[in-house]
Every structure is written in structure tokens, then in C-alpha cells.
Amino acid sequence: MTAPVEFNLFAPYNKGAALIGDFSNWEEIPMEKGEDGYFRTHVELEDGVYQYKFRVQSKSWFFEPDQWVDVVDPYATDIDNPTQNGVVRIKGGERIVDTYVWQHDDKPLPPDRELVIYEMHVGDFSGGEDDPYERGKYKHVIEKLDYLCELGINAIELMPVKEYPGDHSWGYNPRYFFATESSYGSTEGLKRLIDECHARGIRVLMDGIYNHSEAESPLTQIDHDYWYHHSPRDPDNNWGPEFNYEFYDENLETYPARRFVGDTVRFWTEEYHIDGIRFDAARQIANYDFMHWIVQEAKKTASMKPFYAVAEHIPETTSITNADGPMDGCWHDSFYHCVLEHICGDTFDLERLKDVIDCKRQGFMGATNVVNYLTNHDHNHLMVELGDRQIFDEEAFKRIKLGVVILMTAVGVPLIWMGEEFGEYKPKTPESAKIDWTLLGNDLNRDLFEYYKGLTNLRKSNHALYTENIDFFHENPETKVLAYTRWNSEGSRVVVVTNFSENFLGGYQVPNFPKAGTWHEWTGNYSVEAGEDGIMIDLGPYEAKVFVWQ
């Protein structure tokens, strides 16, 4: 049985368009243009899977005037490799993405303030020196979900998974905005990964590229200047044609670039049940009006589910998250730079440290307004930074632990870059660089993993760490000691005492302790009494102590 299936292409100022596909032996099927700017045609198709493209008279300035070019449907939900054709699936006479049936939509998911985010690149996550896979796929991430649960992760942030050219990339060159990267697996494979995350109470955030597209993305070929700026606004920070969110088509009463990107955000939120988006290069997008609108579109589509909208705006700015800002949170890049310099011993600046540990001092309003990290995909692993300064072995692991304590007890949402939790040491590279899982067999690496695990679980169980409450109650510039406390209204309390010097501080007196009585010191697993005059402890070089109120 066949049914008429509509194919359409929005190309309002192009003179002509035709459909070609394996259902027509790649012969042209003419398309008619309506007053709404859409070319349309209907094809009688049986249920099945078909490949197709459009042939269109381009208006892009780098082609001859009205030159016919073959382009993939900008709305194609699947791309065939290696032919680079759009793929359409027909079932019951209707277009479908796939036949996946969601199993775990009813599972409760953590709110934004409770998140511990794990940033990963799907292709490099399966890892291991004797890894049989050339590259990671969605199914290999599923195999590691129980590992992530043990670590205490309750959100993963996937580096971009939209179809890009070739088989290895970080994904910041998206060519097709509705299709998932085929080298990672099928559309069902991605849905199964997200479903399995939800089954374990793990939210899935997507890295969304809405500043630009890859140079041969379909819209660039159809009518470049209708969707994009003619030339880059900031040539030093240019990664491809940049969407023009300011351009308004008065004839059709639409903002074309906003309309397209709005469609993609609604599609991913609805079709793939994602729980948040990290908006790449928000500083380059530079349009709060558009960002307000796109975040609201995503949240309306997500409906009752929690949805976390995070901007990568570097350097960070409070305006993007505060009262009138479009985003819930933003990447806290000053936290990364400041903590890195302090654990490496490059500098000591108490006021700067306090600023990044308590983002309110920088003007942010609350705990979900910043995402803190010790490193991310844009930077080297801490082991590389320490190694560059000739800090190795036990000394390096000790300094990383100091950083981890700050990460997990500062005001904000913590993010871990994959492999950091056990001391991955490979330098940053856009080439394939798989995680070396064999490191977990080494005592020092395993011990770091256990340390991370303990602190992520302390963070999730001690609700003092979800709040904005923080008080720096002791600081000593001479000894490089800083102590702060976090608390909530139910009586939970955590105290952190840090030593940023190379000196062992024996019998160090910490005055003004927030409460007299019994405290549990988490890193050494012992109890200690705080009196009216405070507490006396031994503080090792580059060490942090974490005290939990009993």
C-alpha cells in the first residue's frame, strides 16, 4: 500500500527547486512554490526507508547566479554515510524518525541545584589501551552508566552529537542540525542512551551549536545571506557561517534564522527527551532577545520536566543569568583559571579565591547561576598542567584533591570533564584521544576516583552544599590558609579548611569555628571536638580538610 508523502523546502527567494531520490531513480520531481515561501511536492511511497535530496537554484553569492545545486534537506533527521543523502523513514504512510518506544519517562530526575555534571565526548569515552572499538558509540556509553552512577554523577553533558563531516570531530562544526552523528550509532541508539540515563536518575544535557554552522551546511548552499551574516562579525573568533538572528523578512513576517534554530531546539527536546542545553559561544551569538526566546521555546517543549539552560559565555557575565538574563546558568571560567593557578602554586590571591568560591561576590544571584569546573574539553587535564610545572606523582594527586574539594563545596553546580576523576593525563587534542581506563588499575588513580566519589556523594547528601549560603570565617595570608562554611536552614553544615602553601602546618589553630561540638572530618574519617576557641588541626601542604557537623 502506498500513501502520498509531502516533501517541502523553505526557500522563499529561490527561483526553482526539485526533489530527487532513490524512489525516482534520482530523476527530478518538480516542486511548486507557495506564497508562504515553501516548495512542495507529494510522492506516493510504500512504508520503507528512502534516500533523497533537493536540487535548487541557489542564491548564495559563491555560486553562479541561479546555479542549480544539490542540497540535503536542512530538516533531514538522518543522514546516510558515505553518500551524504538525507534519509526518510515512512511507516503507516507517515514520516517517522524511528520506532523507538520510551521506557523510563516516569522516572524522577534531580533538580538543577542538585546536579553533578559529567562532560563527555561520545567518540572518546569508550577508551582503554586495549580498546577493541575504533571509536566510542552510544552503546558504549550505556555500558559505563553504572560506573558513572558509582561516581555519583546525575547529569551527563554530551559534546555535540549533530551530524558533522567525517567520522571524528568534537562536533562544533555541525552540518546537519536535525540528524545525530551517524558514527556514534543510530537515532534509536541515542534515544536508548538517554532512556537508560533517565532510568538511573541521570539527566542528559546537550551541547547546542547555535552561533554558527559548518561551511557546507544546506542553508549556506540555498541562500547564504538569508540565514547568515554575510561575513564574520569577529574574525578572530569565527568557526563558520554565523546565524543572523537580527534579520527580519518583512514579506513573510518571520525571522528566518530564529525560526530554523527554534525548530531544531523544539525537535531535540521533544524527539530525544533531553533535559537541558549548553549554548556554545553565547558571547558570539550576542543577542539576548533571541536567547530569551529560544530558552522559553525549549522549556515550553520540555513542559513539566526540569530543563537547565547554560551559556558558554567567555569571559562569563552575570547579565546572562541574572534577573533579566536569558539563561539559568553559565560556565564559570574565572573559577577554572583561579583554582588552577592556586593549586599549581602560580599565585596566591585571597580575594580572587573568595570571588570564585562564592560567585555572589562577582554579582551572580544563586547556586545554579554558575557551572564550576577544574577543566573541560577546551583545556588540558589538570595532570598536564601540573606536569608542565614539573609536579608529578603523589604531589600532583594531592594538589588535584585540593581542587576537587573546592569544586564540590563552592557555590554553584560542579562539572567534571571525562577522565579527570581518575587523573587522565593526555593533552588536549581535537584528534581522537580516548580515555585510558587502564589507569584505574593504579593505586593513586583509583584513590583519586574514590576521593571524587566520596565528595560527589557528600555533596548530594549534605544539602548545605545546594544553597547560596557561605561564610569565609578565617583567612591567613601569611600561612595561605582559607576556611569557609556552608549551611542550610535545616541544620546541615560543612566547613572547609584549605592550605595553599608548601608548608606542613602542625597544630594549626582555626578560630571562630561556626559551632562548638563534634564534627566529622571527612578526608581522614575521624571525629574532632570544636571548642569556644575553635579547633586545632594538622594541615598538610596543599591540603584541604572537610568537616561535617554531626
# chains A, B, ... in the order shown; residues from 1 in each chain; ligands from 1
$ residues_around --residues "Glu502 of chain A" --least-positions-apart "4" --cutoff "10 Å" --atoms "only C-alpha atoms" --output "compact mmCIF listing (two decimals) with C-alpha atoms, in the first residue's frame"
# COMPACT_ATOMS: atom_id res chain seq x y z
CA GLY A 345 51.30 27.34 43.12
CA THR A 479 50.19 30.83 56.05
CA LYS A 480 47.96 30.84 52.89
CA GLY A 540 49.48 19.22 55.16
CA PRO A 541 50.88 21.24 52.26
CA TYR A 542 48.28 21.87 49.52
CA GLU A 543 45.68 20.06 51.59
$ select_by_dssp --residues "segment 29-249 of chain A" --states "helix (DSSP H, G or I)" --output "mmCIF file with N, CA and C atoms, in the first residue's frame"
data_model
loop_
_atom_site.group_PDB
_atom_site.id
_atom_site.type_symbol
_atom_site.label_atom_id
_atom_site.label_comp_id
_atom_site.auth_asym_id
_atom_site.auth_seq_id
_atom_site.Cartn_x
_atom_site.Cartn_y
_atom_site.Cartn_z
ATOM 1 N N ASP A 112 17.946 21.236 39.171
ATOM 2 C CA ASP A 112 19.213 21.840 38.743
ATOM 3 C C ASP A 112 20.218 21.970 39.888
ATOM 4 N N ARG A 113 19.767 22.382 41.072
ATOM 5 C CA ARG A 113 20.701 22.688 42.159
ATOM 6 C C ARG A 113 21.415 21.441 42.675
ATOM 7 N N GLU A 114 20.870 20.253 42.383
ATOM 8 C CA GLU A 114 21.478 19.005 42.869
ATOM 9 C C GLU A 114 22.425 18.366 41.856
ATOM 10 N N VAL A 122 31.397 11.451 23.102
ATOM 11 C CA VAL A 122 30.977 10.059 22.894
ATOM 12 C C VAL A 122 32.078 9.240 22.231
ATOM 13 N N GLY A 123 32.721 9.803 21.204
ATOM 14 C CA GLY A 123 33.722 9.051 20.446
ATOM 15 C C GLY A 123 34.934 8.647 21.257
ATOM 16 N N ASP A 124 35.285 9.458 22.271
ATOM 17 C CA ASP A 124 36.498 9.194 23.054
ATOM 18 C C ASP A 124 36.207 8.575 24.414
ATOM 19 N N PHE A 125 34.946 8.325 24.718
ATOM 20 C CA PHE A 125 34.611 7.882 26.067
ATOM 21 C C PHE A 125 34.797 6.377 26.272
ATOM 22 N N TYR A 138 27.151 5.296 21.153
ATOM 23 C CA TYR A 138 26.178 5.491 22.233
ATOM 24 C C TYR A 138 26.094 4.243 23.117
ATOM 25 N N LYS A 139 26.186 3.061 22.481
ATOM 26 C CA LYS A 139 26.023 1.822 23.262
ATOM 27 C C LYS A 139 27.172 1.643 24.263
ATOM 28 N N HIS A 140 28.347 2.178 23.943
ATOM 29 C CA HIS A 140 29.473 2.047 24.879
ATOM 30 C C HIS A 140 29.305 2.979 26.072
ATOM 31 N N VAL A 141 28.634 4.110 25.858
ATOM 32 C CA VAL A 141 28.328 4.978 26.993
ATOM 33 C C VAL A 141 27.358 4.260 27.933
ATOM 34 N N ILE A 142 26.370 3.577 27.360
ATOM 35 C CA ILE A 142 25.410 2.817 28.186
ATOM 36 C C ILE A 142 26.152 1.806 29.056
ATOM 37 N N GLU A 143 27.171 1.148 28.468
ATOM 38 C CA GLU A 143 27.937 0.151 29.235
ATOM 39 C C GLU A 143 28.621 0.768 30.456
ATOM 40 N N LEU A 145 27.367 3.432 32.262
ATOM 41 C CA LEU A 145 26.462 4.236 33.093
ATOM 42 C C LEU A 145 26.520 3.828 34.558
ATOM 43 N N ASP A 146 26.700 2.536 34.829
ATOM 44 C CA ASP A 146 26.783 2.121 36.235
ATOM 45 C C ASP A 146 28.054 2.674 36.892
ATOM 46 N N TYR A 147 29.121 2.785 36.106
ATOM 47 C CA TYR A 147 30.349 3.425 36.592
ATOM 48 C C TYR A 147 30.050 4.878 36.979
ATOM 49 N N LEU A 148 29.324 5.594 36.098
ATOM 50 C CA LEU A 148 29.004 6.991 36.383
ATOM 51 C C LEU A 148 28.106 7.118 37.606
ATOM 52 N N CYS A 149 27.181 6.170 37.772
ATOM 53 C CA CYS A 149 26.331 6.167 38.977
ATOM 54 C C CYS A 149 27.191 5.991 40.226
ATOM 55 N N GLU A 150 28.169 5.088 40.159
ATOM 56 C CA GLU A 150 29.044 4.863 41.318
ATOM 57 C C GLU A 150 29.816 6.142 41.647
ATOM 58 N N LEU A 151 30.227 6.858 40.615
ATOM 59 C CA LEU A 151 30.948 8.112 40.807
ATOM 60 C C LEU A 151 30.059 9.195 41.423
ATOM 61 N N SER A 182 26.191 9.922 12.732
ATOM 62 C CA SER A 182 25.981 8.515 12.398
ATOM 63 C C SER A 182 27.108 7.606 12.871
ATOM 64 N N SER A 183 28.330 8.152 13.057
ATOM 65 C CA SER A 183 29.425 7.282 13.502
ATOM 66 C C SER A 183 29.238 6.858 14.963
ATOM 67 N N TYR A 184 28.342 7.528 15.712
ATOM 68 C CA TYR A 184 28.086 7.155 17.105
ATOM 69 C C TYR A 184 26.969 6.114 17.238
ATOM 70 N N THR A 187 19.677 6.750 15.460
ATOM 71 C CA THR A 187 18.791 7.599 16.275
ATOM 72 C C THR A 187 18.240 6.802 17.456
ATOM 73 N N GLU A 188 17.891 5.531 17.203
ATOM 74 C CA GLU A 188 17.418 4.677 18.317
ATOM 75 C C GLU A 188 18.517 4.509 19.366
ATOM 76 N N GLY A 189 19.777 4.426 18.913
ATOM 77 C CA GLY A 189 20.887 4.257 19.843
ATOM 78 C C GLY A 189 21.004 5.427 20.797
ATOM 79 N N LEU A 190 20.840 6.652 20.266
ATOM 80 C CA LEU A 190 20.902 7.842 21.115
ATOM 81 C C LEU A 190 19.712 7.869 22.076
ATOM 82 N N LYS A 191 18.528 7.526 21.575
ATOM 83 C CA LYS A 191 17.339 7.517 22.449
ATOM 84 C C LYS A 191 17.497 6.482 23.560
ATOM 85 N N ARG A 192 18.048 5.328 23.206
ATOM 86 C CA ARG A 192 18.236 4.290 24.237
ATOM 87 C C ARG A 192 19.205 4.775 25.312
ATOM 88 N N LEU A 193 20.269 5.471 24.891
ATOM 89 C CA LEU A 193 21.218 6.026 25.861
ATOM 90 C C LEU A 193 20.502 6.993 26.811
ATOM 91 N N ILE A 194 19.726 7.911 26.258
ATOM 92 C CA ILE A 194 19.035 8.902 27.089
ATOM 93 C C ILE A 194 18.026 8.210 27.998
ATOM 94 N N ASP A 195 17.316 7.218 27.471
ATOM 95 C CA ASP A 195 16.330 6.464 28.256
ATOM 96 C C ASP A 195 17.007 5.725 29.416
ATOM 97 N N GLU A 196 18.165 5.118 29.124
ATOM 98 C CA GLU A 196 18.894 4.382 30.171
ATOM 99 C C GLU A 196 19.441 5.349 31.235
ATOM 100 N N CYS A 197 19.821 6.549 30.809
ATOM 101 C CA CYS A 197 20.221 7.572 31.786
ATOM 102 C C CYS A 197 19.039 7.915 32.692
ATOM 103 N N HIS A 198 17.894 8.148 32.091
ATOM 104 C CA HIS A 198 16.707 8.503 32.881
ATOM 105 C C HIS A 198 16.325 7.378 33.848
ATOM 106 N N ALA A 199 16.519 6.143 33.418
ATOM 107 C CA ALA A 199 16.209 5.007 34.301
ATOM 108 C C ALA A 199 17.024 5.072 35.583
ATOM 109 N N PRO A 218 23.405 22.821 4.600
ATOM 110 C CA PRO A 218 22.470 23.082 3.491
ATOM 111 C C PRO A 218 22.023 24.530 3.332
ATOM 112 N N LEU A 219 21.720 25.228 4.440
ATOM 113 C CA LEU A 219 21.208 26.595 4.306
ATOM 114 C C LEU A 219 22.238 27.524 3.680
ATOM 115 N N THR A 220 23.532 27.227 3.885
ATOM 116 C CA THR A 220 24.566 28.069 3.268
ATOM 117 C C THR A 220 24.518 27.935 1.747
ATOM 118 N N GLN A 221 24.119 26.760 1.273
ATOM 119 C CA GLN A 221 24.116 26.479 -0.165
ATOM 120 C C GLN A 221 22.853 27.027 -0.846
ATOM 121 N N ILE A 222 21.775 27.143 -0.080
ATOM 122 C CA ILE A 222 20.489 27.545 -0.669
ATOM 123 C C ILE A 222 20.429 29.059 -0.871
ATOM 124 N N ASP A 223 20.710 29.812 0.209
ATOM 125 C CA ASP A 223 20.609 31.276 0.134
ATOM 126 C C ASP A 223 21.361 31.827 1.339
ATOM 127 N N HIS A 224 22.679 31.860 1.235
ATOM 128 C CA HIS A 224 23.552 32.117 2.385
ATOM 129 C C HIS A 224 23.102 33.320 3.215
ATOM 130 N N ASP A 225 22.908 34.465 2.539
ATOM 131 C CA ASP A 225 22.698 35.692 3.305
ATOM 132 C C ASP A 225 21.273 35.838 3.838
ATOM 133 N N TYR A 226 20.399 34.889 3.511
ATOM 134 C CA TYR A 226 19.051 34.917 4.081
ATOM 135 C C TYR A 226 19.081 34.400 5.531
ATOM 136 N N TRP A 227 19.976 33.449 5.807
ATOM 137 C CA TRP A 227 20.054 32.860 7.145
ATOM 138 C C TRP A 227 21.269 33.328 7.945
ATOM 139 N N PRO A 235 36.284 38.229 13.283
ATOM 140 C CA PRO A 235 37.116 37.269 12.520
ATOM 141 C C PRO A 235 38.043 36.425 13.400
ATOM 142 N N ASP A 236 38.420 36.930 14.579
ATOM 143 C CA ASP A 236 39.320 36.169 15.452
ATOM 144 C C ASP A 236 38.605 35.015 16.161
ATOM 145 N N ASN A 237 37.284 35.099 16.241
ATOM 146 C CA ASN A 237 36.508 34.028 16.882
ATOM 147 C C ASN A 237 35.430 33.553 15.922
#
$ select_by_dssp --residues "segment 494-527 of chain A" --states "strand (DSSP E)" --output "PDB file with C-alpha atoms, in the first residue's frame"
ATOM      1  CA  VAL A 494      30.046  21.836  56.219  1.00  0.00           C
ATOM      2  CA  VAL A 495      33.354  23.550  56.988  1.00  0.00           C
ATOM      3  CA  VAL A 496      36.313  23.557  54.561  1.00  0.00           C
ATOM      4  CA  VAL A 497      39.838  24.488  55.665  1.00  0.00           C
ATOM      5  CA  THR A 498      42.412  24.843  52.859  1.00  0.00           C
ATOM      6  CA  ASN A 499      46.196  25.241  52.869  1.00  0.00           C
ATOM      7  CA  LEU A 505      51.099  23.389  59.422  1.00  0.00           C
ATOM      8  CA  GLY A 506      51.219  21.293  62.613  1.00  0.00           C
ATOM      9  CA  GLY A 507      48.816  22.161  65.442  1.00  0.00           C
ATOM     10  CA  TYR A 508      47.194  24.913  63.403  1.00  0.00           C
ATOM     11  CA  GLN A 509      44.526  26.795  65.333  1.00  0.00           C
ATOM     12  CA  VAL A 510      41.374  27.611  63.325  1.00  0.00           C
ATOM     13  CA  GLY A 517      30.668  20.417  69.404  1.00  0.00           C
ATOM     14  CA  THR A 518      31.526  17.248  67.499  1.00  0.00           C
ATOM     15  CA  TRP A 519      32.490  17.411  63.817  1.00  0.00           C
ATOM     16  CA  HIS A 520      33.393  14.564  61.445  1.00  0.00           C
ATOM     17  CA  GLU A 521      36.489  15.220  59.345  1.00  0.00           C
ATOM     18  CA  TYR A 526      37.762  10.896  62.254  1.00  0.00           C
ATOM     19  CA  SER A 527      35.760  12.944  64.781  1.00  0.00           C
TER      20      SER A 527
END
$ closest_residue --among "A:Phe397, A:Phe449, A:Phe178, A:Phe267" --to "Val384 of chain A" --atoms "only C-alpha atoms"
A:Phe397
$ residues_around --residues "Ile29 of chain A" --least-positions-apart "2" --cutoff "8 Å" --atoms "only C-alpha atoms" --output "PyMOL selection string"
chain A and resi 18-20+24+27+31+41
$ closest_residue --among "A:Tyr75, A:Tyr38, A:Trp268, A:Trp68" --to "Tyr176 of chain A" --atoms "only C-alpha atoms"
A:Tyr75
$ closest_residue --among "A:Lys354, A:Lys53, A:Arg203, A:Arg259" --to "Ile79 of chain A" --atoms "only C-alpha atoms"
A:Lys53
